[in-house]
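Visitor: Sharing entry.txt here; it has compact mmCIF, C-alpha atoms.
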```txt
# COMPACT_ATOMS: atom_id res chain seq x y z
CA MET A 26 128.56 -74.88 57.85
CA LYS A 27 130.86 -77.56 59.24
CA ARG A 28 128.23 -78.49 61.82
CA SER A 29 125.55 -79.11 59.19
CA VAL A 30 127.94 -81.25 57.11
CA LEU A 31 128.88 -83.31 60.19
CA PHE A 32 125.19 -83.70 61.08
CA ALA A 33 124.41 -84.86 57.52
CA VAL A 34 127.23 -87.44 57.63
CA ILE A 35 126.07 -88.77 61.02
CA LEU A 36 122.44 -88.89 59.88
CA GLY A 37 123.42 -90.67 56.67
CA ALA A 38 125.44 -93.27 58.59
CA PHE A 39 122.52 -93.79 60.99
CA LEU A 40 120.03 -94.28 58.18
CA LEU A 41 122.30 -96.73 56.39
CA GLY A 42 123.00 -98.67 59.60
CA THR A 43 126.77 -98.40 59.13
CA PHE A 44 127.91 -96.67 62.30
CA PRO A 45 131.58 -97.53 62.91
CA ALA A 46 130.79 -98.49 66.57
CA ARG A 47 129.53 -101.84 65.27
CA ALA A 48 131.85 -104.76 65.78
CA ALA A 49 132.33 -106.89 62.68
CA GLY A 50 129.81 -109.68 62.38
CA ASP A 51 127.39 -108.52 65.09
CA ARG A 52 124.01 -109.18 63.55
CA ILE A 53 120.63 -110.08 64.95
CA TRP A 54 118.35 -112.52 63.14
CA THR A 55 114.70 -112.58 64.02
CA ALA A 56 112.09 -114.98 62.76
CA LEU A 57 108.35 -115.15 63.14
CA VAL A 58 107.31 -118.78 63.51
CA LEU A 59 103.87 -120.37 63.65
CA GLY A 60 103.72 -123.43 65.88
CA THR A 61 100.88 -125.95 65.40
CA ASN A 62 100.07 -129.57 66.21
CA GLU A 63 99.36 -131.64 63.11
CA LYS A 64 99.06 -135.31 62.18
CA PRO A 65 101.43 -136.09 60.60
CA PRO A 66 103.83 -133.28 61.62
CA ALA A 67 104.86 -130.91 58.84
CA GLU A 68 108.44 -130.89 57.61
CA VAL A 69 110.56 -128.34 59.46
CA PRO A 70 111.81 -125.47 57.25
CA GLU A 71 115.57 -125.59 56.68
CA LYS A 72 116.17 -122.28 58.51
CA LEU A 73 114.47 -123.69 61.64
CA GLU A 74 116.11 -127.13 61.73
CA ASN A 75 118.61 -126.19 64.47
CA TYR A 76 115.86 -124.64 66.60
CA ALA A 77 113.11 -127.27 66.14
CA PRO A 78 114.09 -129.47 69.14
CA ALA A 79 114.00 -126.47 71.51
CA LEU A 80 110.78 -125.17 69.95
CA ARG A 81 109.11 -128.56 70.47
CA LYS A 82 110.32 -128.82 74.06
CA ILE A 83 109.47 -125.24 75.09
CA PHE A 84 106.16 -124.74 73.27
CA GLY A 85 104.86 -128.30 72.82
CA TYR A 86 104.05 -128.04 69.10
CA ASN A 87 105.12 -130.60 66.51
CA SER A 88 104.96 -128.44 63.35
CA PHE A 89 106.60 -125.09 62.66
CA TYR A 90 106.22 -122.64 59.77
CA LEU A 91 108.58 -119.76 59.06
CA LEU A 92 106.28 -116.78 58.38
CA GLY A 93 108.99 -114.14 58.09
CA GLN A 94 112.59 -113.35 58.95
CA LYS A 95 114.97 -110.41 59.02
CA LYS A 96 118.69 -109.80 59.67
CA ARG A 97 120.06 -106.48 60.86
CA ASP A 98 123.31 -105.12 62.22
CA LEU A 99 123.24 -104.83 65.99
CA VAL A 100 124.65 -101.46 66.99
CA LYS A 101 124.78 -100.07 70.52
CA GLY A 102 122.59 -96.98 70.80
CA ASN A 103 120.82 -97.72 67.52
CA GLU A 104 117.23 -98.91 67.22
CA ALA A 105 116.43 -101.54 64.60
CA TRP A 106 112.97 -102.32 63.31
CA LEU A 107 112.71 -105.99 62.51
CA MET A 108 109.56 -106.61 60.50
CA PRO A 109 109.11 -110.31 59.89
CA THR A 110 105.60 -109.68 58.51
CA LYS A 111 103.37 -106.74 57.70
CA GLU A 112 101.15 -107.50 60.69
CA PHE A 113 103.69 -108.29 63.44
CA PHE A 114 107.08 -106.70 64.00
CA LEU A 115 109.70 -106.05 66.62
CA GLY A 116 111.55 -102.95 67.66
CA VAL A 117 114.97 -103.79 69.08
CA ASP A 118 117.09 -101.14 70.77
CA CYS A 119 120.63 -102.15 71.73
CA LEU A 120 121.12 -100.57 75.17
CA ALA A 121 124.57 -102.00 75.90
CA ARG A 122 127.19 -104.28 74.41
CA GLU A 123 129.04 -106.22 77.07
CA LYS A 124 131.83 -108.76 76.68
CA THR A 125 129.49 -111.79 76.63
CA TYR A 126 126.04 -110.38 75.84
CA TYR A 127 123.92 -107.56 74.49
CA LYS A 128 121.34 -105.78 76.62
CA LEU A 129 118.31 -105.14 74.43
CA ARG A 130 114.98 -103.37 74.75
CA ILE A 131 112.45 -105.34 72.73
CA GLU A 132 109.02 -104.06 71.67
CA LEU A 133 106.47 -106.34 70.03
CA TYR A 134 103.85 -104.68 67.83
CA ARG A 135 100.77 -105.85 66.00
CA ARG A 136 100.27 -103.25 63.30
CA GLU A 137 100.59 -99.93 65.22
CA ASN A 138 99.61 -101.42 68.60
CA LEU A 139 102.33 -102.07 71.15
CA LEU A 140 101.67 -105.51 72.69
CA VAL A 141 104.66 -105.86 75.01
CA THR A 142 107.96 -104.22 75.86
CA THR A 143 110.79 -105.85 77.80
CA GLU A 144 114.52 -105.75 78.36
CA ALA A 145 116.61 -108.87 77.82
CA LYS A 146 120.24 -109.94 77.82
CA LEU A 147 121.06 -111.89 74.69
CA ALA A 148 124.35 -113.77 74.28
CA ARG A 149 125.77 -114.80 70.91
CA ASP A 150 124.26 -118.01 69.53
CA ALA A 151 121.88 -118.29 72.52
CA PRO A 152 118.39 -117.97 71.00
CA LEU A 153 115.63 -116.04 72.71
CA TYR A 154 112.14 -117.44 72.17
CA ILE A 155 109.12 -115.20 72.78
CA ARG A 156 105.63 -116.65 72.93
CA GLY A 157 103.31 -114.49 70.86
CA PRO A 158 99.54 -114.50 70.57
CA LEU A 159 97.38 -117.36 69.30
CA TRP A 160 97.00 -116.87 65.57
CA GLY A 161 95.98 -118.83 62.48
CA GLY A 162 95.19 -122.09 64.25
CA GLY A 163 98.41 -122.05 66.26
CA GLN A 164 100.80 -119.95 68.33
CA LEU A 165 103.10 -117.21 67.07
CA ILE A 166 106.67 -117.49 68.28
CA PHE A 167 109.36 -114.85 67.84
CA LEU A 168 112.91 -116.12 67.65
CA LEU A 169 115.92 -113.81 68.12
CA VAL A 170 119.56 -114.84 67.68
CA VAL A 171 122.75 -112.76 67.72
CA ARG A 172 125.57 -114.01 65.48
```
So that I can check it, write out the structure of this file as C-alpha cells.
Guide:
Amino acid sequence: MKRSVLFAVILGAFLLGTFPARAAGDRIWTALVLGTNEKPPAEVPEKLENYAPALRKIFGYNSFYLLGQKKRDLVKGNEAWLMPTKEFFLGVDCLAREKTYYKLRIELYRRENLLVTTEAKLARDAPLYIRGPLWGGGQLIFLLVVR
C-alpha cells in the first residue's frame, strides 16, 4: 500500500512539473519565429527586441514575427514538451545540470513527424537559435533561452 501511495505522489509531482530537484528560477523559454525580408522592415515584436540584432546577423532577415512561445520549468531527468504552435513543437529533455550550463536533448517535430534530434549545452541567458524549415514566405527559427 505504501508503495502505491509513493508512486502516486511521484507521478503527480511529475505531471505537475514540480519535482523538488528543480533549482528556483530555472526555466526555459522557447519561441517560434518567422524571419522574412520585407520593404520596409516590419516592427520587431517586444518579446524579440533583445534578440533581433542576433537574428538579423545570423539569419540575414530584416523582419521577425513571433508565431508562438512557451515557458517551462527545466528539471534534470524530466522531459518537457514545448509547443509554440499546433504544427511545430519541440521536445526538450534535460540530461544534466552542470554549474554553468544544461545539457539538453532537443527534438523538433512537425505534427507527429520527427524532423531533427540533437544534444546541446545551453548556458543561462545564452540563446540557442535553430534554423527551421522554409515556411510561409520565410524561414522558421526556434529560439531557446534558459533563465
Visitor: So that each row is one residue of segment 45-74 of chain A with an atom at most 10 Å from segment 131-153 of chain A, can you give its shortest atom pair and the distance in Å to one decimal, using only C-alpha atoms, rows by chain and rising number, as JSON lines?
Guide:
```
{"residue": "A:Asp51", "atom": "CA", "partner": "A:Arg149", "partner_atom": "CA", "distance": 8.7}
{"residue": "A:Arg52", "atom": "CA", "partner": "A:Arg149", "partner_atom": "CA", "distance": 9.4}
{"residue": "A:Ile53", "atom": "CA", "partner": "A:Arg149", "partner_atom": "CA", "distance": 9.2}
{"residue": "A:Trp54", "atom": "CA", "partner": "A:Pro152", "partner_atom": "CA", "distance": 9.6}
{"residue": "A:Thr55", "atom": "CA", "partner": "A:Leu153", "partner_atom": "CA", "distance": 9.4}
```
Visitor: Excluding Pro70 of chain A and any residue of its chain fewer than 4 positions from it, enumerate the residues within 8 Å of it, using only C-alpha atoms, and give them as a PyMOL selection string.
Guide: chain A and resi 74+89-91
Visitor: A:Ala121, A:Leu80, A:Leu59, A:Ala67: which is nearest Tyr154 of chain A, counting all atoms listed in the file?
Guide: A:Leu80
Visitor: My list of candidates is A:Lys128, A:Lys72, A:Lys95, A:Lys82. Which is closest to Phe114 of chain A when distances are computed with only C-alpha atoms?
Guide: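 Closest candidate: A:Lys95.
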Visitor: Atom CA of Gly102 of chain A and atom CA of Thr125 of chain A are how many Å apart?
Guide: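 Value for the atom CA of Gly102 of chain A-atom CA of Thr125 of chain A distance: 17.3 Å.
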Visitor: Which value, in Å to one decimal, gives the distance between atom CA of Leu115 of chain A and atom CA of Ile155 of chain A?
Guide: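 Straight-line distance from atom CA of Leu115 of chain A to atom CA of Ile155 of chain A works out to 11.0 Å.
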Visitor: What would the list of residues within 12 Å of (97.8, -116.2, 67.2) (file frame) look like as a ChimeraX atom specification, if all atoms listed in the file are what count?
Guide: /A:57-61,112-113,135,156-167
Visitor: What is the distance between atom CA of Pro78 of chain A and atom CA of Lys96 of chain A, in Å to one decimal?
Guide: 22.3 Å
Visitor: Of the residues A:Leu120, A:Val170, A:Val100, A:Leu129, which is the one nearest to Leu73 of chain A, using all atoms listed in the file?
Guide: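 Of the candidates, the smallest distance to Leu73 of chain A is held by A:Val170.
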